[in-house]
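> Starting off with a structure, shown below.
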Amino acid sequence: MEKFNASISYDQRMWDADVRGSKAYVQALERAQLVSKEEMDKIMEGLDQVYDEWSQGKFVLKPGDEDIHTANERRLKELIGEPAGKLHTGRSRNDQVVTDMRLWLRDAISTLKRNALQLITTMVDRAAVEIDVLFPGYTHMQRAQPIRWSHWILSHAVALSRDVEKLGEMRRRVNVLPLGSGAIAGTPFNIDRELLREELGFDDISLNSMDATGQRDFVAEFLFWASLCLTHLSRMAEDLMLYSTKEFSFLTSDAYSTGSSLMPQKKNADSLELIRSKAGRVFGRCAGFLMTLKGLPSTYNKDLQEDKEAMFDCYDTVHAVLQVTTGVLSTLKINQSVMEAALSPDMLATDLAYFLVRKGMPFREAHGLSGKAVFLAESKNIPLNQLTTEDLGSISPLFSTDVSSVWDYQSSVEQYSAPGGTARNSVNTQIQHLRTWLKTHSE
């Protein structure tokens, strides 16, 4: 039962947060005259020793160390004796553990933000360098319209920028102090929670002690954030996997691919496949934890011990995926000639409709006539741009010799010059916007 009940095997990674919380708490105890100045100093010195042992890899866990809190307190007593017994005055593991978790997750959010900003920077820099590369844009997995390769890159960078902004919003909700809430009813002692808030760098103090110790909204929110972030990265990985196949041959990513154990000609995009699979792992953590929460009665229950493994695992997964994705995006090589050769005249069917619109025809009518042109080309078994002026004139008299201007991929992408479009100026604007955004969020 002791092994089943224990969490020290995984919650020991919160050792730093636990020591920081205890150092702040003993100061509040001294201000409340629950420990003397001498006792506080001894406890602080002992906690510094505990910190040093952990940071140097010398801390020795012993049987009976159920969790990081009991392990640190046990070691503190070994180091300084009786004063260690006063550290837990008015404090419950219920408010202690959730304080440690919030401190730990706050630091983790900062790390993930740096990882994501590095990835976005890599993507924006690449988009700037390869802005003149055109290739097919796809909808429903069908060739749709010519776009800039940079436009595709930035579409995923923008999604990740939302993830970074959500991290900042989430951090504010994480950064609320629960310490001083006790087990359920609060603390009967004159603990200065404002002092605790200042010492530990929290933005606010929890309003209700029952909610503070029993809620794990901040964990659930983090798990959902991780799920959404990996949804974005998984979708990008899926595109890159397709683009790297022989059927597409748009790009190669040798540095992050592996060979087949049987077939010498194969290179497998293992990194991208793993990014895709890790998303499912994180989804499972999120769904599983929500199932744990949904049936709990009020305040703290031991079921909440499941929160930490989910939180740690999702952090580790997203941390690794962001770094690997940055590596992939910084090293992959595109095959520009293949990408541009994949453009085909049928992708300009919409441009043919726009040609008629610019001559005054309502779009719905122009769309229908463009469809007739596509059908005519297919019936003749020729590319759309090889229809003669006479062929097109049989569909509409508005098709004249100047229709030849439609069959130019560069001109096609340049017409989408409205904000957000794939024209060069528009893509440059997106790049500049994201560079400004990166500077703001890196400060």
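Residues are named by chain letter and number: chains run A, B, ... in the order of the structure tokens, numbers start at 1 in each chain, and ligands are numbered from 1 in the order shown.
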Please provide as a PyMOL selection string all residues within 10 Å of Ser344 in chain A, with the sequence filter that same-chain residues fewer than 4 positions apart are discarded (counting only C-alpha atoms).
chain A and resi 135-136+143-146+340+348+383-385+407+409
> Go ahead and save the picked residues with all heavy atoms, as a short mmCIF file (atom, residue, chain, number, x, y, z; two decimals), in the first residue's frame.

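Wrote selection-v4.cif, looks like this:
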data_model
loop_
_atom_site.label_atom_id
_atom_site.label_comp_id
_atom_site.auth_asym_id
_atom_site.auth_seq_id
_atom_site.Cartn_x
_atom_site.Cartn_y
_atom_site.Cartn_z
N PHE A 135 4.18 27.00 -55.18
CA PHE A 135 3.84 25.57 -55.25
C PHE A 135 2.32 25.44 -55.10
O PHE A 135 1.62 26.42 -54.82
CB PHE A 135 4.62 24.78 -54.21
CG PHE A 135 4.04 24.74 -52.81
CD1 PHE A 135 3.85 23.54 -52.16
CD2 PHE A 135 3.72 25.92 -52.13
CE1 PHE A 135 3.34 23.49 -50.87
CE2 PHE A 135 3.21 25.88 -50.85
CZ PHE A 135 3.02 24.65 -50.21
N PRO A 136 1.78 24.25 -55.31
CA PRO A 136 0.33 24.09 -55.22
C PRO A 136 -0.19 24.21 -53.79
O PRO A 136 0.38 23.63 -52.86
CB PRO A 136 0.09 22.68 -55.76
CG PRO A 136 1.32 22.31 -56.51
CD PRO A 136 2.43 23.01 -55.80
N ARG A 143 -5.39 19.59 -55.46
CA ARG A 143 -4.73 20.82 -55.88
C ARG A 143 -5.78 21.91 -56.04
O ARG A 143 -6.78 21.73 -56.72
CB ARG A 143 -4.00 20.61 -57.20
CG ARG A 143 -2.81 19.67 -57.09
CD ARG A 143 -2.10 19.55 -58.43
NE ARG A 143 -1.01 18.60 -58.36
CZ ARG A 143 -0.17 18.37 -59.35
NH1 ARG A 143 -0.31 19.02 -60.50
NH2 ARG A 143 0.79 17.49 -59.21
N ALA A 144 -5.52 23.06 -55.42
CA ALA A 144 -6.52 24.12 -55.42
C ALA A 144 -6.06 25.34 -56.21
O ALA A 144 -6.55 25.60 -57.30
CB ALA A 144 -6.85 24.51 -53.97
N GLN A 145 -5.11 26.09 -55.63
CA GLN A 145 -4.62 27.31 -56.28
C GLN A 145 -3.12 27.45 -56.05
O GLN A 145 -2.60 26.95 -55.05
CB GLN A 145 -5.35 28.54 -55.72
CG GLN A 145 -6.82 28.61 -56.06
CD GLN A 145 -7.49 29.81 -55.43
OE1 GLN A 145 -7.49 29.96 -54.21
NE2 GLN A 145 -8.08 30.66 -56.24
N PRO A 146 -2.43 28.15 -56.93
CA PRO A 146 -1.00 28.43 -56.69
C PRO A 146 -0.85 29.35 -55.48
O PRO A 146 -1.63 30.30 -55.31
CB PRO A 146 -0.55 29.13 -57.98
CG PRO A 146 -1.60 28.83 -58.99
CD PRO A 146 -2.87 28.69 -58.23
N GLU A 340 7.45 23.90 -58.32
CA GLU A 340 6.87 24.77 -59.34
C GLU A 340 6.39 23.97 -60.54
O GLU A 340 5.40 24.33 -61.19
CB GLU A 340 7.88 25.83 -59.73
CG GLU A 340 8.16 26.78 -58.56
CD GLU A 340 9.16 27.88 -58.87
OE1 GLU A 340 9.83 27.80 -59.93
OE2 GLU A 340 9.28 28.81 -58.04
N LEU A 348 -5.75 27.26 -62.35
CA LEU A 348 -6.07 28.65 -62.70
C LEU A 348 -7.51 28.80 -63.16
O LEU A 348 -7.89 29.84 -63.70
CB LEU A 348 -5.12 29.14 -63.80
CG LEU A 348 -3.63 29.10 -63.42
CD1 LEU A 348 -2.76 29.45 -64.63
CD2 LEU A 348 -3.34 30.04 -62.26
N PRO A 383 -4.66 20.29 -71.55
CA PRO A 383 -4.62 21.22 -70.41
C PRO A 383 -5.54 22.42 -70.67
O PRO A 383 -5.79 22.80 -71.82
CB PRO A 383 -3.16 21.64 -70.34
CG PRO A 383 -2.41 20.58 -71.07
CD PRO A 383 -3.32 20.10 -72.15
N LEU A 384 -5.99 23.02 -69.59
CA LEU A 384 -6.93 24.14 -69.69
C LEU A 384 -6.36 25.29 -70.51
O LEU A 384 -7.07 25.94 -71.29
CB LEU A 384 -7.29 24.62 -68.27
CG LEU A 384 -8.39 25.68 -68.14
CD1 LEU A 384 -9.71 25.20 -68.71
CD2 LEU A 384 -8.56 26.07 -66.66
N ASN A 385 -5.07 25.54 -70.36
CA ASN A 385 -4.46 26.68 -71.05
C ASN A 385 -4.24 26.44 -72.55
O ASN A 385 -3.78 27.33 -73.26
CB ASN A 385 -3.16 27.09 -70.38
CG ASN A 385 -2.07 26.04 -70.50
OD1 ASN A 385 -2.37 24.86 -70.71
ND2 ASN A 385 -0.82 26.46 -70.36
N TRP A 407 -2.87 32.68 -67.91
CA TRP A 407 -2.06 31.46 -67.74
C TRP A 407 -0.64 31.76 -67.24
O TRP A 407 0.35 31.36 -67.82
CB TRP A 407 -2.00 30.69 -69.05
CG TRP A 407 -3.33 30.55 -69.72
CD1 TRP A 407 -3.68 30.98 -70.95
CD2 TRP A 407 -4.49 29.93 -69.17
NE1 TRP A 407 -5.00 30.69 -71.23
CE2 TRP A 407 -5.53 30.04 -70.14
CE3 TRP A 407 -4.80 29.32 -67.95
CZ2 TRP A 407 -6.81 29.55 -69.94
CZ3 TRP A 407 -6.08 28.83 -67.75
CH2 TRP A 407 -7.07 28.94 -68.73
N TYR A 409 1.40 31.77 -63.52
CA TYR A 409 1.30 31.47 -62.08
C TYR A 409 1.75 32.63 -61.22
O TYR A 409 1.18 32.90 -60.16
CB TYR A 409 2.11 30.21 -61.76
CG TYR A 409 1.66 29.00 -62.54
CD1 TYR A 409 2.53 28.36 -63.41
CD2 TYR A 409 0.37 28.51 -62.41
CE1 TYR A 409 2.11 27.24 -64.14
CE2 TYR A 409 -0.06 27.40 -63.13
CZ TYR A 409 0.82 26.78 -64.01
OH TYR A 409 0.40 25.68 -64.72
#
> Sort by chain and increasing residue number a table of all residues of range 322-383 of chain A within 9 Å of range 268-282 of chain A, each with its closest pair of atoms and their distance in Å to one decimal, counting only C-alpha atoms, and write it as JSON lines.

{"residue": "A:Val324", "atom": "CA", "partner": "A:Ser271", "partner_atom": "CA", "distance": 7.3}
{"residue": "A:Thr325", "atom": "CA", "partner": "A:Ile275", "partner_atom": "CA", "distance": 7.9}
{"residue": "A:Val328", "atom": "CA", "partner": "A:Ser271", "partner_atom": "CA", "distance": 8.0}
> Please provide as a list in words all residues within 7 Å of range 241-249 of chain A, with the sequence filter that same-chain residues fewer than 2 positions apart are discarded (counting only C-alpha atoms).
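Result of the neighbour search: Ala237, Glu238, Asp239, Leu251, Thr252, Ala269, Leu272 and Val338 of chain A.
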> Take the residues from that selection and put them in a file with C-alpha atoms, as a PDB file, in the first residue's frame.

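again.pdb, freshly written:
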ATOM      1  CA  ALA A 237       3.915  17.451 -39.672  1.00  0.00           C
ATOM      2  CA  GLU A 238       1.288  15.663 -41.755  1.00  0.00           C
ATOM      3  CA  ASP A 239       1.742  18.149 -44.603  1.00  0.00           C
ATOM      4  CA  LEU A 251      11.254  18.519 -49.876  1.00  0.00           C
ATOM      5  CA  THR A 252      13.707  16.324 -48.021  1.00  0.00           C
ATOM      6  CA  ALA A 269      10.214  10.795 -41.812  1.00  0.00           C
ATOM      7  CA  LEU A 272       7.355  13.910 -38.254  1.00  0.00           C
ATOM      8  CA  VAL A 338       9.676  20.126 -58.447  1.00  0.00           C
TER       9      VAL A 338
END
> At a cut-off of 8 Å, using only C-alpha atoms, what residues contact Asp307 in chain A? Leave out same-chain residues fewer than 2 positions from it and give the result as a list in words.
Arg216, Val219, Phe289, Leu304, Gln305, Glu309, Ala310 and Met311 of chain A
> Extract, using only C-alpha atoms, all DNA, RNA and protein residues at most 12 Å from Asn190 in chain A, discarding same-chain residues fewer than 3 positions from it, and format them as a PyMOL selection string.
chain A and resi 28-34+89-90+180-181+186-187+193-195
> What separation in Å, quoted to one decimal, exists between CA of Ile109 in chain A and CA of Leu160 in chain A?
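CA of Ile109 in chain A sits 14.4 Å away from CA of Leu160 in chain A.
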> Find the residues around His433 in chain A up to 12 Å (only C-alpha atoms counted), leave out those fewer than 3 positions away in its own chain, and share them as number ranges by chain.
A: 124, 154, 157-158, 161, 419-420, 426-430, 436-440
> For Lys23 in chain A, work out the shell of residues within 8 Å, counting only C-alpha atoms and skipping chain neighbours fewer than 4 positions away, then give it as a PDB file with all heavy atoms, in the first residue's frame.

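Now in result01.pdb:
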ATOM      1  N   VAL A  19      11.098  23.616  -1.955  1.00  0.00           N
ATOM      2  CA  VAL A  19      12.024  24.349  -1.087  1.00  0.00           C
ATOM      3  C   VAL A  19      11.691  25.840  -1.097  1.00  0.00           C
ATOM      4  O   VAL A  19      11.675  26.492  -0.037  1.00  0.00           O
ATOM      5  CB  VAL A  19      13.489  24.113  -1.521  1.00  0.00           C
ATOM      6  CG1 VAL A  19      14.427  25.042  -0.760  1.00  0.00           C
ATOM      7  CG2 VAL A  19      13.885  22.655  -1.285  1.00  0.00           C
ATOM      8  N   GLN A  27       9.135  32.341   6.697  1.00  0.00           N
ATOM      9  CA  GLN A  27       9.167  33.793   6.940  1.00  0.00           C
ATOM     10  C   GLN A  27       7.811  34.288   7.422  1.00  0.00           C
ATOM     11  O   GLN A  27       7.724  35.165   8.298  1.00  0.00           O
ATOM     12  CB  GLN A  27       9.572  34.528   5.659  1.00  0.00           C
ATOM     13  CG  GLN A  27      11.013  34.262   5.236  1.00  0.00           C
ATOM     14  CD  GLN A  27      11.353  34.959   3.936  1.00  0.00           C
ATOM     15  OE1 GLN A  27      11.401  36.188   3.865  1.00  0.00           O
ATOM     16  NE2 GLN A  27      11.592  34.162   2.892  1.00  0.00           N
ATOM     17  N   ILE A  43      16.006  27.073  10.093  1.00  0.00           N
ATOM     18  CA  ILE A  43      15.199  26.402   9.068  1.00  0.00           C
ATOM     19  C   ILE A  43      15.639  26.850   7.672  1.00  0.00           C
ATOM     20  O   ILE A  43      15.772  26.026   6.760  1.00  0.00           O
ATOM     21  CB  ILE A  43      13.692  26.697   9.284  1.00  0.00           C
ATOM     22  CG1 ILE A  43      13.202  25.979  10.556  1.00  0.00           C
ATOM     23  CG2 ILE A  43      12.865  26.237   8.076  1.00  0.00           C
ATOM     24  CD1 ILE A  43      11.795  26.354  10.988  1.00  0.00           C
ATOM     25  N   MET A  44      15.900  28.125   7.529  1.00  0.00           N
ATOM     26  CA  MET A  44      16.343  28.649   6.224  1.00  0.00           C
ATOM     27  C   MET A  44      17.686  28.032   5.831  1.00  0.00           C
ATOM     28  O   MET A  44      17.893  27.634   4.674  1.00  0.00           O
ATOM     29  CB  MET A  44      16.458  30.166   6.273  1.00  0.00           C
ATOM     30  CG  MET A  44      15.125  30.899   6.412  1.00  0.00           C
ATOM     31  SD  MET A  44      14.153  30.914   4.894  1.00  0.00           S
ATOM     32  CE  MET A  44      14.845  32.345   4.075  1.00  0.00           C
ATOM     33  N   LEU A  47      17.098  24.448   4.823  1.00  0.00           N
ATOM     34  CA  LEU A  47      16.474  24.367   3.492  1.00  0.00           C
ATOM     35  C   LEU A  47      17.502  24.652   2.397  1.00  0.00           C
ATOM     36  O   LEU A  47      17.440  24.067   1.312  1.00  0.00           O
ATOM     37  CB  LEU A  47      15.298  25.325   3.393  1.00  0.00           C
ATOM     38  CG  LEU A  47      14.047  24.928   4.191  1.00  0.00           C
ATOM     39  CD1 LEU A  47      13.020  26.066   4.217  1.00  0.00           C
ATOM     40  CD2 LEU A  47      13.408  23.656   3.611  1.00  0.00           C
TER      41      LEU A  47
END
> Taking into account only C-alpha atoms, which residue in the set A:Ser7, A:Ser227, A:Ser155, A:Thr213 is nearest to Ala127 in chain A?
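Nearest to Ala127 in chain A: A:Ser155.
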> Closest to Glu169 in chain A among A:His140, A:His156, A:Arg106, A:Lys302, using only C-alpha atoms?
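Of all the options, A:Arg106 lies closest to Glu169 in chain A.
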> Dump as a tab-separated table the rows for residues of range 190-228 of chain A within 12 Å of range 92-98 of chain A: closest atom pair and distance in Å with one decimal, only C-alpha atoms counted, ordered by chain and rising residue number.

residue	atom	partner	partner_atom	distance
A:Ser206	CA	A:Asp95	CA	10.7
A:Asn208	CA	A:Asp95	CA	11.8
A:Ser209	CA	A:Asp95	CA	8.6
A:Met210	CA	A:Asp95	CA	9.8
A:Asp211	CA	A:Asp95	CA	10.5
A:Ala212	CA	A:Asp95	CA	7.4
A:Thr213	CA	A:Asp95	CA	5.4
A:Gly214	CA	A:Asn94	CA	7.9
A:Gln215	CA	A:Val98	CA	9.0
A:Arg216	CA	A:Val98	CA	8.4
A:Asp217	CA	A:Val98	CA	11.3
A:Phe218	CA	A:Val98	CA	10.1
A:Val219	CA	A:Val98	CA	10.1
> In range 286-402 of chain A, what's alpha helix (DSSP H) per DSSP? Answer as a ChimeraX atom specification?
/A:286-294,306-331,336-341,349-357,363-380,389-393
> Which of these residues is nearest to Ala341 in chain A, using only C-alpha atoms: A:Leu134, A:Met1, A:Ala128, A:Leu167?
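Using only C-alpha atoms, Ala341 in chain A sits closest to A:Leu134.
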> One number please: CA of His441 in chain A to CA of Trp225 in chain A, in Å, one decimal.
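Those two atoms sit 17.9 Å apart.
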> Could you pull out all residues of range 35-182 of chain A with a DSSP call of strand (DSSP E or B) and give them as a PDB file with C-alpha atoms, in the first residue's frame?

ATOM      1  CA  LEU A 134       5.557  28.930 -55.664  1.00  0.00           C
ATOM      2  CA  PHE A 135       3.836  25.574 -55.250  1.00  0.00           C
ATOM      3  CA  PRO A 136       0.326  24.091 -55.221  1.00  0.00           C
ATOM      4  CA  GLY A 137      -1.995  24.943 -52.373  1.00  0.00           C
ATOM      5  CA  TYR A 138      -4.365  22.130 -51.421  1.00  0.00           C
ATOM      6  CA  THR A 139      -7.904  21.913 -50.076  1.00  0.00           C
ATOM      7  CA  GLN A 142      -6.815  18.274 -54.002  1.00  0.00           C
ATOM      8  CA  ARG A 143      -4.734  20.819 -55.875  1.00  0.00           C
ATOM      9  CA  ALA A 144      -6.523  24.121 -55.417  1.00  0.00           C
ATOM     10  CA  GLN A 145      -4.622  27.306 -56.281  1.00  0.00           C
ATOM     11  CA  PRO A 146      -1.003  28.429 -56.689  1.00  0.00           C
ATOM     12  CA  ILE A 147       0.417  29.910 -53.494  1.00  0.00           C
ATOM     13  CA  ARG A 148       3.778  30.915 -52.103  1.00  0.00           C
ATOM     14  CA  VAL A 176      -2.432  32.660  -8.092  1.00  0.00           C
ATOM     15  CA  LEU A 177      -1.194  31.786  -4.588  1.00  0.00           C
TER      16      LEU A 177
END
> Considering only C-alpha atoms, state which residue in the set A:Ala71, A:Lys86, A:Ile120, A:Leu105 is at the smallest distance from Thr326 in chain A.
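Answer, going by the shortest atom-to-atom distance: A:Ile120.
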> At what distance in Å, to one decimal, does CA of Leu179 in chain A lie from CA of Glu53 in chain A?
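CA of Glu53 in chain A sits 24.8 Å away from CA of Leu179 in chain A.
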> Restricting the calculation to only C-alpha atoms: of A:Gln410, A:Gln323, A:Ser55, A:Gln336, which residue gets closest to Leu117 in chain A?
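For Leu117 in chain A, the nearest of the candidates is A:Gln323.
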